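Asker: My structure file target05.cif, mmCIF, C-alpha atoms and all ligand atoms, is below:
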```cif
data_my_file
#
loop_
_atom_site.group_PDB
_atom_site.id
_atom_site.type_symbol
_atom_site.label_atom_id
_atom_site.label_comp_id
_atom_site.auth_asym_id
_atom_site.auth_seq_id
_atom_site.Cartn_x
_atom_site.Cartn_y
_atom_site.Cartn_z
ATOM 1 C CA MET A 1272 0.000 0.000 0.000
ATOM 2 C CA ILE A 1273 1.305 3.519 -0.875
ATOM 3 C CA ASP A 1274 2.234 5.634 2.113
ATOM 4 C CA MET A 1275 0.353 8.962 1.671
ATOM 5 C CA LYS A 1276 2.783 10.757 3.963
ATOM 6 C CA TYR A 1277 5.674 9.740 1.711
ATOM 7 C CA ILE A 1278 3.850 11.038 -1.411
ATOM 8 C CA LYS A 1279 3.009 14.283 0.375
ATOM 9 C CA ASN A 1280 6.671 14.798 1.325
ATOM 10 C CA ILE A 1281 7.816 14.180 -2.257
ATOM 11 C CA PHE A 1282 5.184 16.604 -3.523
ATOM 12 C CA LEU A 1283 6.261 19.299 -1.040
ATOM 13 C CA PHE A 1284 9.930 18.776 -1.932
ATOM 14 C CA PHE A 1285 9.057 19.144 -5.611
ATOM 15 C CA ILE A 1286 7.113 22.405 -5.042
ATOM 16 C CA PHE A 1287 9.906 23.772 -2.823
ATOM 17 C CA THR A 1288 12.567 23.055 -5.472
ATOM 18 C CA ILE A 1289 10.503 24.765 -8.182
ATOM 19 C CA ALA A 1290 9.930 27.823 -5.924
ATOM 20 C CA ILE A 1291 13.686 28.145 -5.227
ATOM 21 C CA PHE A 1292 14.485 27.806 -8.916
ATOM 22 C CA CYS A 1293 11.878 30.441 -9.937
ATOM 23 C CA GLY A 1294 13.074 32.823 -7.199
ATOM 24 C CA PHE A 1295 16.678 32.521 -8.353
ATOM 25 C CA PHE A 1296 15.660 32.955 -11.999
ATOM 26 C CA LEU A 1297 13.613 36.094 -11.245
ATOM 27 C CA PHE A 1298 16.369 37.565 -9.047
ATOM 28 C CA THR A 1299 19.179 37.098 -11.585
ATOM 29 C CA ASN A 1300 16.953 38.364 -14.408
ATOM 30 C CA SER A 1301 15.933 41.505 -12.509
ATOM 31 C CA GLN A 1302 19.616 42.195 -11.734
ATOM 32 C CA ALA A 1303 20.547 41.701 -15.382
ATOM 33 C CA ALA A 1304 17.652 43.938 -16.489
ATOM 34 C CA HIS A 1305 18.795 46.632 -14.059
ATOM 35 C CA ALA A 1306 22.395 46.335 -15.301
ATOM 36 C CA ASN A 1307 21.166 46.786 -18.888
ATOM 37 C CA THR A 1308 19.470 50.110 -18.097
ATOM 38 C CA ILE A 1309 22.666 51.701 -16.747
ATOM 39 C CA ASN A 1310 24.874 53.681 -19.080
ATOM 40 C CA LEU A 1311 27.963 54.854 -17.241
ATOM 41 C CA ASN A 1312 29.580 56.275 -20.378
ATOM 42 C CA LEU A 1313 27.357 59.345 -20.842
ATOM 43 C CA THR A 1314 29.344 62.583 -21.193
ATOM 44 C CA ILE A 1315 28.945 65.639 -18.944
ATOM 45 C CA ALA A 1316 27.244 67.493 -21.817
ATOM 46 C CA GLU A 1317 24.681 64.693 -22.191
ATOM 47 C CA VAL A 1318 23.911 64.517 -18.487
ATOM 48 C CA TYR A 1319 23.520 68.127 -17.320
ATOM 49 C CA GLU A 1320 21.386 70.994 -18.559
ATOM 50 C CA GLN A 1321 22.075 74.688 -17.866
ATOM 51 C CA ARG A 1322 18.989 76.937 -17.612
ATOM 52 C CA SER A 1323 18.946 80.732 -17.249
ATOM 53 C CA ASN A 1324 15.557 80.755 -15.532
ATOM 54 C CA HIS A 1325 16.149 79.099 -12.187
ATOM 55 C CA ASN A 1326 15.839 79.159 -8.401
ATOM 56 C CA PRO A 1327 18.177 81.800 -6.819
ATOM 57 C CA ASP A 1328 19.317 79.137 -4.297
ATOM 58 C CA GLY A 1329 20.570 76.969 -7.152
ATOM 59 C CA ILE A 1330 23.368 77.115 -9.729
ATOM 60 C CA GLY A 1331 21.047 76.876 -12.772
ATOM 61 C CA LYS A 1332 22.394 73.416 -13.549
ATOM 62 C CA PHE A 1333 19.908 70.544 -13.680
ATOM 63 C CA TYR A 1334 20.527 66.817 -13.250
ATOM 64 C CA MET A 1335 17.711 64.337 -13.942
ATOM 65 C CA GLY A 1336 15.153 67.151 -13.563
ATOM 66 C CA ARG A 1337 16.586 68.486 -10.256
ATOM 67 C CA GLU A 1338 18.331 71.835 -9.882
ATOM 68 C CA ILE A 1339 21.631 71.580 -7.996
ATOM 69 C CA ALA A 1340 21.853 73.818 -4.895
ATOM 70 C CA ARG A 1341 24.652 76.297 -4.189
ATOM 71 C CA VAL A 1342 27.495 74.969 -2.034
ATOM 72 C CA MET A 1343 27.356 76.023 1.585
ATOM 73 C CA GLY A 1344 30.571 78.016 2.099
ATOM 74 C CA HIS A 1345 32.963 77.433 4.984
ATOM 75 C CA THR A 1346 31.755 80.645 6.607
ATOM 76 C CA GLY A 1347 28.608 78.633 7.453
ATOM 77 C CA ALA A 1348 30.656 76.224 9.610
ATOM 78 C CA GLY A 1349 29.148 77.673 12.797
ATOM 79 C CA TRP A 1350 25.661 76.643 11.597
ATOM 80 C CA LEU A 1351 26.766 73.001 11.266
ATOM 81 C CA GLU A 1352 28.139 73.067 14.821
ATOM 82 C CA ARG A 1353 25.168 74.908 16.388
ATOM 83 C CA GLY A 1354 24.278 73.727 19.868
ATOM 84 C CA SER A 1355 20.619 73.143 18.971
ATOM 85 C CA ARG A 1356 21.393 70.698 16.144
ATOM 86 C CA GLU A 1357 21.058 67.528 18.226
ATOM 87 C CA VAL A 1358 17.630 68.617 19.488
ATOM 88 C CA GLU A 1359 16.347 69.760 16.079
ATOM 89 C CA GLU A 1360 17.742 66.991 13.845
ATOM 90 C CA GLN A 1361 18.851 64.218 16.220
ATOM 91 C CA PRO A 1362 21.925 63.352 14.088
ATOM 92 C CA SER A 1363 23.233 60.841 16.656
ATOM 93 C CA LYS A 1364 20.333 58.560 15.607
ATOM 94 C CA ILE A 1365 22.003 58.326 12.187
ATOM 95 C CA VAL A 1366 24.873 56.384 13.764
ATOM 96 C CA ASP A 1367 22.559 53.608 15.071
ATOM 97 C CA ALA A 1368 20.723 53.435 11.751
ATOM 98 C CA LEU A 1369 23.998 52.734 9.917
ATOM 99 C CA LYS A 1370 24.581 49.411 11.758
ATOM 100 C CA LEU A 1371 28.367 49.801 11.697
ATOM 101 C CA GLN A 1372 30.934 47.096 12.510
ATOM 102 C CA SER A 1373 33.840 47.997 14.801
ATOM 103 C CA ASP A 1374 36.248 47.647 11.845
ATOM 104 C CA SER A 1375 34.121 49.445 9.225
ATOM 105 C CA VAL A 1376 35.743 51.972 6.916
ATOM 106 C CA VAL A 1377 33.341 54.871 6.380
ATOM 107 C CA ALA A 1378 33.662 57.847 4.025
ATOM 108 C CA ASP A 1379 31.760 60.913 5.264
ATOM 109 C CA ILE A 1380 31.422 62.721 1.959
ATOM 110 C CA GLY A 1381 30.699 66.433 2.150
ATOM 111 C CA ALA A 1382 31.880 66.192 5.746
ATOM 112 C CA GLY A 1383 31.904 69.943 6.425
ATOM 113 C CA THR A 1384 33.220 70.453 9.973
ATOM 114 C CA GLY A 1385 33.106 66.682 10.516
ATOM 115 C CA TYR A 1386 30.038 66.736 12.760
ATOM 116 C CA LEU A 1387 29.071 63.214 11.609
ATOM 117 C CA SER A 1388 32.675 61.967 11.347
ATOM 118 C CA PHE A 1389 33.216 62.739 15.041
ATOM 119 C CA LEU A 1390 29.956 61.015 16.001
ATOM 120 C CA ILE A 1391 30.936 57.884 14.051
ATOM 121 C CA ALA A 1392 34.675 57.598 14.848
ATOM 122 C CA PRO A 1393 34.263 56.274 18.454
ATOM 123 C CA HIS A 1394 32.154 53.369 17.075
ATOM 124 C CA LEU A 1395 35.038 52.187 14.878
ATOM 125 C CA PRO A 1396 37.871 51.212 17.256
ATOM 126 C CA GLN A 1397 39.437 49.022 14.533
ATOM 127 C CA GLY A 1398 38.102 51.018 11.592
ATOM 128 C CA ARG A 1399 38.344 54.578 10.372
ATOM 129 C CA VAL A 1400 36.520 57.520 8.837
ATOM 130 C CA PHE A 1401 37.601 59.378 5.719
ATOM 131 C CA ALA A 1402 36.239 62.919 6.085
ATOM 132 C CA VAL A 1403 35.933 64.114 2.484
ATOM 133 C CA ASP A 1404 35.221 67.693 1.414
ATOM 134 C CA ILE A 1405 36.068 70.085 -1.428
ATOM 135 C CA GLN A 1406 36.729 73.048 0.879
ATOM 136 C CA PRO A 1407 40.222 73.016 2.455
ATOM 137 C CA GLU A 1408 38.912 75.376 5.147
ATOM 138 C CA MET A 1409 36.465 72.681 6.302
ATOM 139 C CA LEU A 1410 39.272 70.104 6.445
ATOM 140 C CA GLU A 1411 41.331 72.544 8.536
ATOM 141 C CA ILE A 1412 38.472 72.749 11.047
ATOM 142 C CA ILE A 1413 38.340 68.926 11.157
ATOM 143 C CA GLY A 1414 42.117 68.841 11.812
ATOM 144 C CA TYR A 1415 41.703 71.364 14.614
ATOM 145 C CA PHE A 1416 38.901 69.300 16.255
ATOM 146 C CA GLN A 1417 40.956 66.115 15.872
ATOM 147 C CA GLU A 1418 43.767 67.596 17.911
ATOM 148 C CA GLU A 1419 41.430 69.124 20.453
ATOM 149 C CA LYS A 1420 39.463 65.879 20.961
ATOM 150 C CA ASN A 1421 42.488 63.599 20.452
ATOM 151 C CA VAL A 1422 40.757 61.530 17.745
ATOM 152 C CA THR A 1423 43.169 59.507 15.602
ATOM 153 C CA ASN A 1424 40.901 57.444 13.319
ATOM 154 C CA ILE A 1425 39.630 60.267 11.091
ATOM 155 C CA LYS A 1426 41.531 61.083 7.905
ATOM 156 C CA PRO A 1427 40.604 64.337 6.131
ATOM 157 C CA ILE A 1428 40.607 64.009 2.317
ATOM 158 C CA LEU A 1429 40.418 66.884 -0.137
ATOM 159 C CA ALA A 1430 38.045 66.009 -2.986
ATOM 160 C CA THR A 1431 37.407 67.786 -6.268
ATOM 161 C CA GLU A 1432 33.920 68.529 -7.588
ATOM 162 C CA THR A 1433 34.104 65.421 -9.771
ATOM 163 C CA ASN A 1434 36.128 62.998 -7.674
ATOM 164 C CA PRO A 1435 35.980 61.948 -4.003
ATOM 165 C CA ASN A 1436 39.653 60.921 -4.242
ATOM 166 C CA LEU A 1437 39.153 57.584 -2.525
ATOM 167 C CA SER A 1438 41.035 54.400 -3.457
ATOM 168 C CA THR A 1439 39.268 51.618 -5.357
ATOM 169 C CA GLU A 1440 37.287 49.175 -3.172
ATOM 170 C CA SER A 1441 38.560 50.804 0.024
ATOM 171 C CA ILE A 1442 35.319 51.678 1.889
ATOM 172 C CA ASP A 1443 32.386 49.772 3.402
ATOM 173 C CA LEU A 1444 30.040 52.751 3.576
ATOM 174 C CA ALA A 1445 29.709 56.196 1.973
ATOM 175 C CA LEU A 1446 27.640 58.569 4.071
ATOM 176 C CA MET A 1447 26.345 61.903 2.746
ATOM 177 C CA VAL A 1448 24.459 64.115 5.187
ATOM 178 C CA ASP A 1449 22.835 67.279 3.778
ATOM 179 C CA ALA A 1450 25.546 67.391 1.134
ATOM 180 C CA TYR A 1451 24.621 65.444 -2.005
ATOM 181 C CA HIS A 1452 22.044 68.015 -3.200
ATOM 182 C CA GLU A 1453 24.859 70.576 -3.595
ATOM 183 C CA PHE A 1454 27.347 68.400 -5.510
ATOM 184 C CA ALA A 1455 28.015 70.242 -8.784
ATOM 185 C CA TYR A 1456 28.735 66.925 -10.556
ATOM 186 C CA PRO A 1457 26.580 64.398 -8.659
ATOM 187 C CA ARG A 1458 26.882 61.673 -11.281
ATOM 188 C CA GLU A 1459 30.682 61.834 -11.424
ATOM 189 C CA MET A 1460 30.920 61.892 -7.624
ATOM 190 C CA LEU A 1461 28.635 58.865 -7.374
ATOM 191 C CA LYS A 1462 30.667 56.981 -9.962
ATOM 192 C CA GLY A 1463 33.787 57.685 -7.866
ATOM 193 C CA ILE A 1464 31.957 56.547 -4.737
ATOM 194 C CA VAL A 1465 30.739 53.319 -6.363
ATOM 195 C CA LYS A 1466 34.324 52.611 -7.468
ATOM 196 C CA ALA A 1467 35.573 53.237 -3.916
ATOM 197 C CA LEU A 1468 32.996 50.890 -2.350
ATOM 198 C CA LYS A 1469 33.864 47.288 -1.650
ATOM 199 C CA LYS A 1470 31.478 44.740 -3.218
ATOM 200 C CA GLY A 1471 28.286 44.779 -1.179
ATOM 201 C CA GLY A 1472 29.289 48.155 0.301
ATOM 202 C CA ARG A 1473 26.577 50.684 1.089
ATOM 203 C CA VAL A 1474 25.675 54.294 0.429
ATOM 204 C CA ALA A 1475 23.617 56.151 3.055
ATOM 205 C CA LEU A 1476 22.007 59.361 1.942
ATOM 206 C CA VAL A 1477 20.527 61.705 4.519
ATOM 207 C CA GLU A 1478 18.443 64.507 3.001
ATOM 208 C CA TYR A 1479 15.542 66.639 4.249
ATOM 209 C CA ARG A 1480 12.251 65.077 3.106
ATOM 210 C CA GLY A 1481 11.232 66.774 -0.141
ATOM 211 C CA GLU A 1482 7.745 65.277 0.071
ATOM 212 C CA ASN A 1483 6.914 67.236 3.238
ATOM 213 C CA PRO A 1484 6.015 70.920 2.659
ATOM 214 C CA PHE A 1485 6.036 71.567 6.423
ATOM 215 C CA ILE A 1486 9.776 71.008 6.747
ATOM 216 C CA MET A 1487 10.972 74.604 6.662
ATOM 217 C CA ILE A 1488 14.100 74.165 4.562
ATOM 218 C CA LYS A 1489 14.785 75.747 1.147
ATOM 219 C CA SER A 1490 13.303 73.531 -1.559
ATOM 220 C CA LEU A 1491 16.655 72.826 -3.260
ATOM 221 C CA HIS A 1492 18.043 71.597 0.063
ATOM 222 C CA LYS A 1493 15.405 68.865 0.254
ATOM 223 C CA MET A 1494 15.070 65.702 -1.860
ATOM 224 C CA THR A 1495 12.207 63.305 -2.466
ATOM 225 C CA GLN A 1496 12.810 59.569 -2.179
ATOM 226 C CA LYS A 1497 11.710 59.175 -5.778
ATOM 227 C CA GLN A 1498 14.419 61.573 -7.003
ATOM 228 C CA VAL A 1499 17.108 60.053 -4.787
ATOM 229 C CA LYS A 1500 16.308 56.539 -6.040
ATOM 230 C CA LYS A 1501 16.367 57.712 -9.659
ATOM 231 C CA GLU A 1502 19.827 59.259 -9.283
ATOM 232 C CA MET A 1503 21.347 56.377 -7.305
ATOM 233 C CA GLN A 1504 19.932 53.720 -9.617
ATOM 234 C CA ALA A 1505 21.419 55.577 -12.600
ATOM 235 C CA VAL A 1506 24.902 54.561 -11.398
ATOM 236 C CA GLY A 1507 23.907 50.988 -10.545
ATOM 237 C CA LEU A 1508 23.174 51.293 -6.832
ATOM 238 C CA VAL A 1509 20.318 49.158 -5.495
ATOM 239 C CA TRP A 1510 17.863 50.535 -2.910
ATOM 240 C CA ARG A 1511 17.799 48.522 0.305
ATOM 241 C CA GLU A 1512 15.847 50.501 2.923
ATOM 242 C CA THR A 1513 14.514 53.880 3.979
ATOM 243 C CA ASN A 1514 14.680 54.699 7.662
ATOM 244 C CA ASN A 1515 12.422 57.478 8.928
ATOM 245 C CA VAL A 1516 13.723 57.654 12.474
ATOM 246 C CA LEU A 1517 14.829 61.295 12.063
ATOM 247 C CA PRO A 1518 12.305 64.110 12.523
ATOM 248 C CA GLN A 1519 13.078 65.932 9.265
ATOM 249 C CA GLN A 1520 15.316 63.785 7.068
ATOM 250 C CA HIS A 1521 15.175 60.459 5.273
ATOM 251 C CA ILE A 1522 18.019 58.010 5.769
ATOM 252 C CA ILE A 1523 18.057 56.131 2.479
ATOM 253 C CA ILE A 1524 20.365 53.135 2.144
ATOM 254 C CA PHE A 1525 21.644 51.656 -1.132
ATOM 255 C CA GLU A 1526 23.980 48.775 -1.893
ATOM 256 C CA LYS A 1527 26.649 48.236 -4.519
ATOM 257 C CA PRO A 1528 25.650 45.037 -6.329
ATOM 258 C CA ASN A 1529 28.120 42.574 -7.832
ATOM 259 C CA PHE A 1530 27.501 43.690 -11.410
ATOM 260 C CA VAL A 1531 28.899 47.276 -11.146
HETATM 261 C C1 LIG A 1601 25.701 71.592 4.213
HETATM 262 S S1 LIG A 1601 27.317 70.976 4.413
HETATM 263 C C2 LIG A 1601 27.016 69.496 5.348
HETATM 264 C C3 LIG A 1601 28.199 69.096 6.167
HETATM 265 C C4 LIG A 1601 28.066 67.817 7.016
HETATM 266 N N1 LIG A 1601 27.704 66.673 6.223
HETATM 267 C C5 LIG A 1601 27.086 67.985 8.134
HETATM 268 O O1 LIG A 1601 25.951 67.473 8.015
HETATM 269 O O2 LIG A 1601 27.433 68.623 9.116
HETATM 270 C C6 LIG A 1601 27.730 70.353 2.815
HETATM 271 C C7 LIG A 1601 29.234 70.119 2.601
HETATM 272 O O3 LIG A 1601 29.387 69.451 1.343
HETATM 273 C C8 LIG A 1601 30.596 69.896 0.744
HETATM 274 N N2 LIG A 1601 30.581 69.595 -0.690
HETATM 275 C C9 LIG A 1601 29.920 70.241 -1.685
HETATM 276 N N3 LIG A 1601 30.176 69.650 -2.864
HETATM 277 C C10 LIG A 1601 31.000 68.606 -2.615
HETATM 278 C C11 LIG A 1601 31.604 67.599 -3.415
HETATM 279 N N4 LIG A 1601 31.431 67.526 -4.732
HETATM 280 N N5 LIG A 1601 32.395 66.696 -2.811
HETATM 281 C C12 LIG A 1601 32.592 66.712 -1.473
HETATM 282 N N6 LIG A 1601 32.054 67.645 -0.657
HETATM 283 C C13 LIG A 1601 31.268 68.574 -1.224
HETATM 284 C C14 LIG A 1601 30.604 71.370 1.073
HETATM 285 O O4 LIG A 1601 31.903 71.901 0.963
HETATM 286 C C15 LIG A 1601 30.048 71.388 2.510
HETATM 287 O O5 LIG A 1601 31.085 71.341 3.453
#
```
Could the structure of this file be written out as structure tokens, please?
Ligand SMILES: C[S@@+](CC[C@H](N)C(=O)[O-])C[C@H]1O[C@@H](n2cnc3c(N)ncnc32)[C@H](O)[C@@H]1O

Answerer:
Amino acid sequence: MIDMKYIKNIFLFFIFTIAIFCGFFLFTNSQAAHANTINLNLTIAEVYEQRSNHNPDGIGKFYMGREIARVMGHTGAGWLERGSREVEEQPSKIVDALKLQSDSVVADIGAGTGYLSFLIAPHLPQGRVFAVDIQPEMLEIIGYFQEEKNVTNIKPILATETNPNLSTESIDLALMVDAYHEFAYPREMLKGIVKALKKGGRVALVEYRGENPFIMIKSLHKMTQKQVKKEMQAVGLVWRETNNVLPQQHIIIFEKPNFV
């Protein structure tokens, strides 16, 4: 007599194998489809558009439909270090959201005075932070704080507008807090960041929520999730999660997949 339990087990095994196979097939196909939509060889002229009619807070240069904001000069350093920042924006919550390992290598890109670099550095006793900025004056401030606070695992790095100046596959995480929206060449910077990420490395973008009209920040200093995803996906990054633990900003996390 046929054992029904045995037949049931065979049937379940069969269904399970088919499900695994279909899942794998769909996953690899969606990755391949994504890879096919990325063109990393577009020239600067093809990517950016200059318009004379534009927002006075912007530089008149548009990328994927978004106007790029003016760079915050080093004379605004005091604003980044304001005593009320922790209460208003709760930046220390960013550190928890990043789920760092003690040996992680993190690039804080558009570091400014290093507010985030100094929050992160104590969590990386075997790792380090590269504090990257285009303004030498900002890096000088970081150097001054390093001496004052006796912090040895932060390395200031002078970037250019088109290159973060990081070595290939040298970082686990690139963090950009209130900075990306003012990069004059966002696509080139992102390509440099992707190159600098180890396989499976992550990008964390922290920007004021563009969807919320009640967040009282200039419109060009905010970004919607939709826009962020569009720009990150254009260089091959894959969205992983959005964390809304902060009162005014999104923390949007992307991953470098194996195919870029
Ligand atoms: C508004 S500040 C934010 C600083 C810091 N992330 C913070 O939250 O305290 C933006 C910083 O981005 C820097 N920046 C602008 N364009 C950049 C680029 N292409 N590469 C690196 N840094 C850039 C500016 O010099 C400025 O220090």

Asker: List every residue of chain A that has an atom at most 6 Å from any atom of ligand LIG 1601 (chain A), and for each one report the closest atom pair and its distance in Å to one decimal, counting only C-alpha atoms and all ligand atoms, with rows sorted by chain and then by increasing residue number, as a Markdown table.

Answerer:
```
| residue | atom | partner | partner_atom | distance |
| --- | --- | --- | --- | --- |
| A:Val1342 | CA | A:LIG1601 | C9 | 5.3 |
| A:Met1343 | CA | A:LIG1601 | C1 | 5.4 |
| A:Leu1351 | CA | A:LIG1601 | O2 | 4.9 |
| A:Ile1380 | CA | A:LIG1601 | C12 | 5.4 |
| A:Gly1381 | CA | A:LIG1601 | N6 | 3.3 |
| A:Ala1382 | CA | A:LIG1601 | N1 | 4.2 |
| A:Gly1383 | CA | A:LIG1601 | O5 | 3.4 |
| A:Tyr1386 | CA | A:LIG1601 | O2 | 4.9 |
| A:Val1403 | CA | A:LIG1601 | C12 | 5.8 |
| A:Asp1404 | CA | A:LIG1601 | N6 | 3.8 |
| A:Ile1405 | CA | A:LIG1601 | N6 | 4.8 |
| A:Gln1406 | CA | A:LIG1601 | O4 | 5.0 |
| A:Ala1430 | CA | A:LIG1601 | N5 | 5.7 |
| A:Glu1432 | CA | A:LIG1601 | N4 | 3.9 |
| A:Val1448 | CA | A:LIG1601 | N1 | 4.3 |
| A:Asp1449 | CA | A:LIG1601 | C2 | 5.0 |
| A:Ala1450 | CA | A:LIG1601 | C6 | 4.0 |
| A:Glu1453 | CA | A:LIG1601 | C9 | 5.4 |
| A:Phe1454 | CA | A:LIG1601 | N3 | 4.1 |
| A:Ala1455 | CA | A:LIG1601 | N4 | 6.0 |
```

Asker: Using the chain letters and numbers from the file, give me the residues hit by the PyMOL selection byres (((chain A and resi 1396) around 12) and not hetatm), as an NGL selection string.

Answerer: :A and (1371-1376 or 1391-1395 or 1397-1400 or 1422-1425)

Asker: On this structure, the PyMOL selection byres (((chain A and resi 1531) around 12) and not hetatm) would catch which residues? List them as a PyMOL selection string, sorted by chain and number.

Answerer: chain A and resi 1302-1303+1305-1307+1309-1311+1440+1462-1472+1504-1509+1526-1530

Asker: Which of these, A:Lys1500, A:His1345, A:Glu1482, A:Pro1435, has the shortest distance to Tyr1456 in chain A once you count all atoms listed in the file?

Answerer: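 Answer, going by the shortest atom-to-atom distance: A:Pro1435.
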
Asker: Restricting the calculation to all atoms listed in the file: of A:Gly1349, A:Ile1488, A:Tyr1334, A:Lys1493, which residue gets closest to Glu1317 in chain A?

Answerer: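 Among A:Gly1349, A:Ile1488, A:Tyr1334, A:Lys1493, it is A:Tyr1334 that comes nearest to Glu1317 in chain A.
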
Asker: As an exercise, work out the distance from CA of His1325 in chain A to CA of Gln1520 in chain A in Å and give it to one decimal place.

Answerer: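 Straight-line distance from CA of His1325 in chain A to CA of Gln1520 in chain A works out to 24.6 Å.
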
Asker: Out of A:Lys1426, A:Lys1364, A:Lys1489, A:Lys1332, which residue has the shortest atom-to-atom distance to His1521 in chain A when counting all atoms listed in the file?

Answerer: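 Closest to His1521 in chain A, using all atoms listed in the file: A:Lys1364.
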
Asker: Point out the residue among A:Val1474, A:Ala1340, A:Met1487, A:Val1318 with the least atom-to-atom distance to His1452 in chain A, counting all atoms listed in the file.

Answerer: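 When distances to His1452 in chain A are compared using all atoms listed in the file, the smallest one comes from A:Ala1340.
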
Asker: Step by step, work through what the PyMOL selection byres (((chain A and resi 1328) around 8) and not hetatm) selects in the shown file, and finish by giving those residues as a list in words.

Answerer: Asn1326, Pro1327, Gly1329, Ile1330, Ala1340, Arg1341, Lys1489 and Leu1491 of chain A

Asker: Between A:Ser1388, A:Asn1280, A:Thr1513, A:Ser1355, which is the closest to Ile1413 in chain A once you count all atoms listed in the file?

Answerer: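 Smallest distance to Ile1413 in chain A is found for A:Ser1388.
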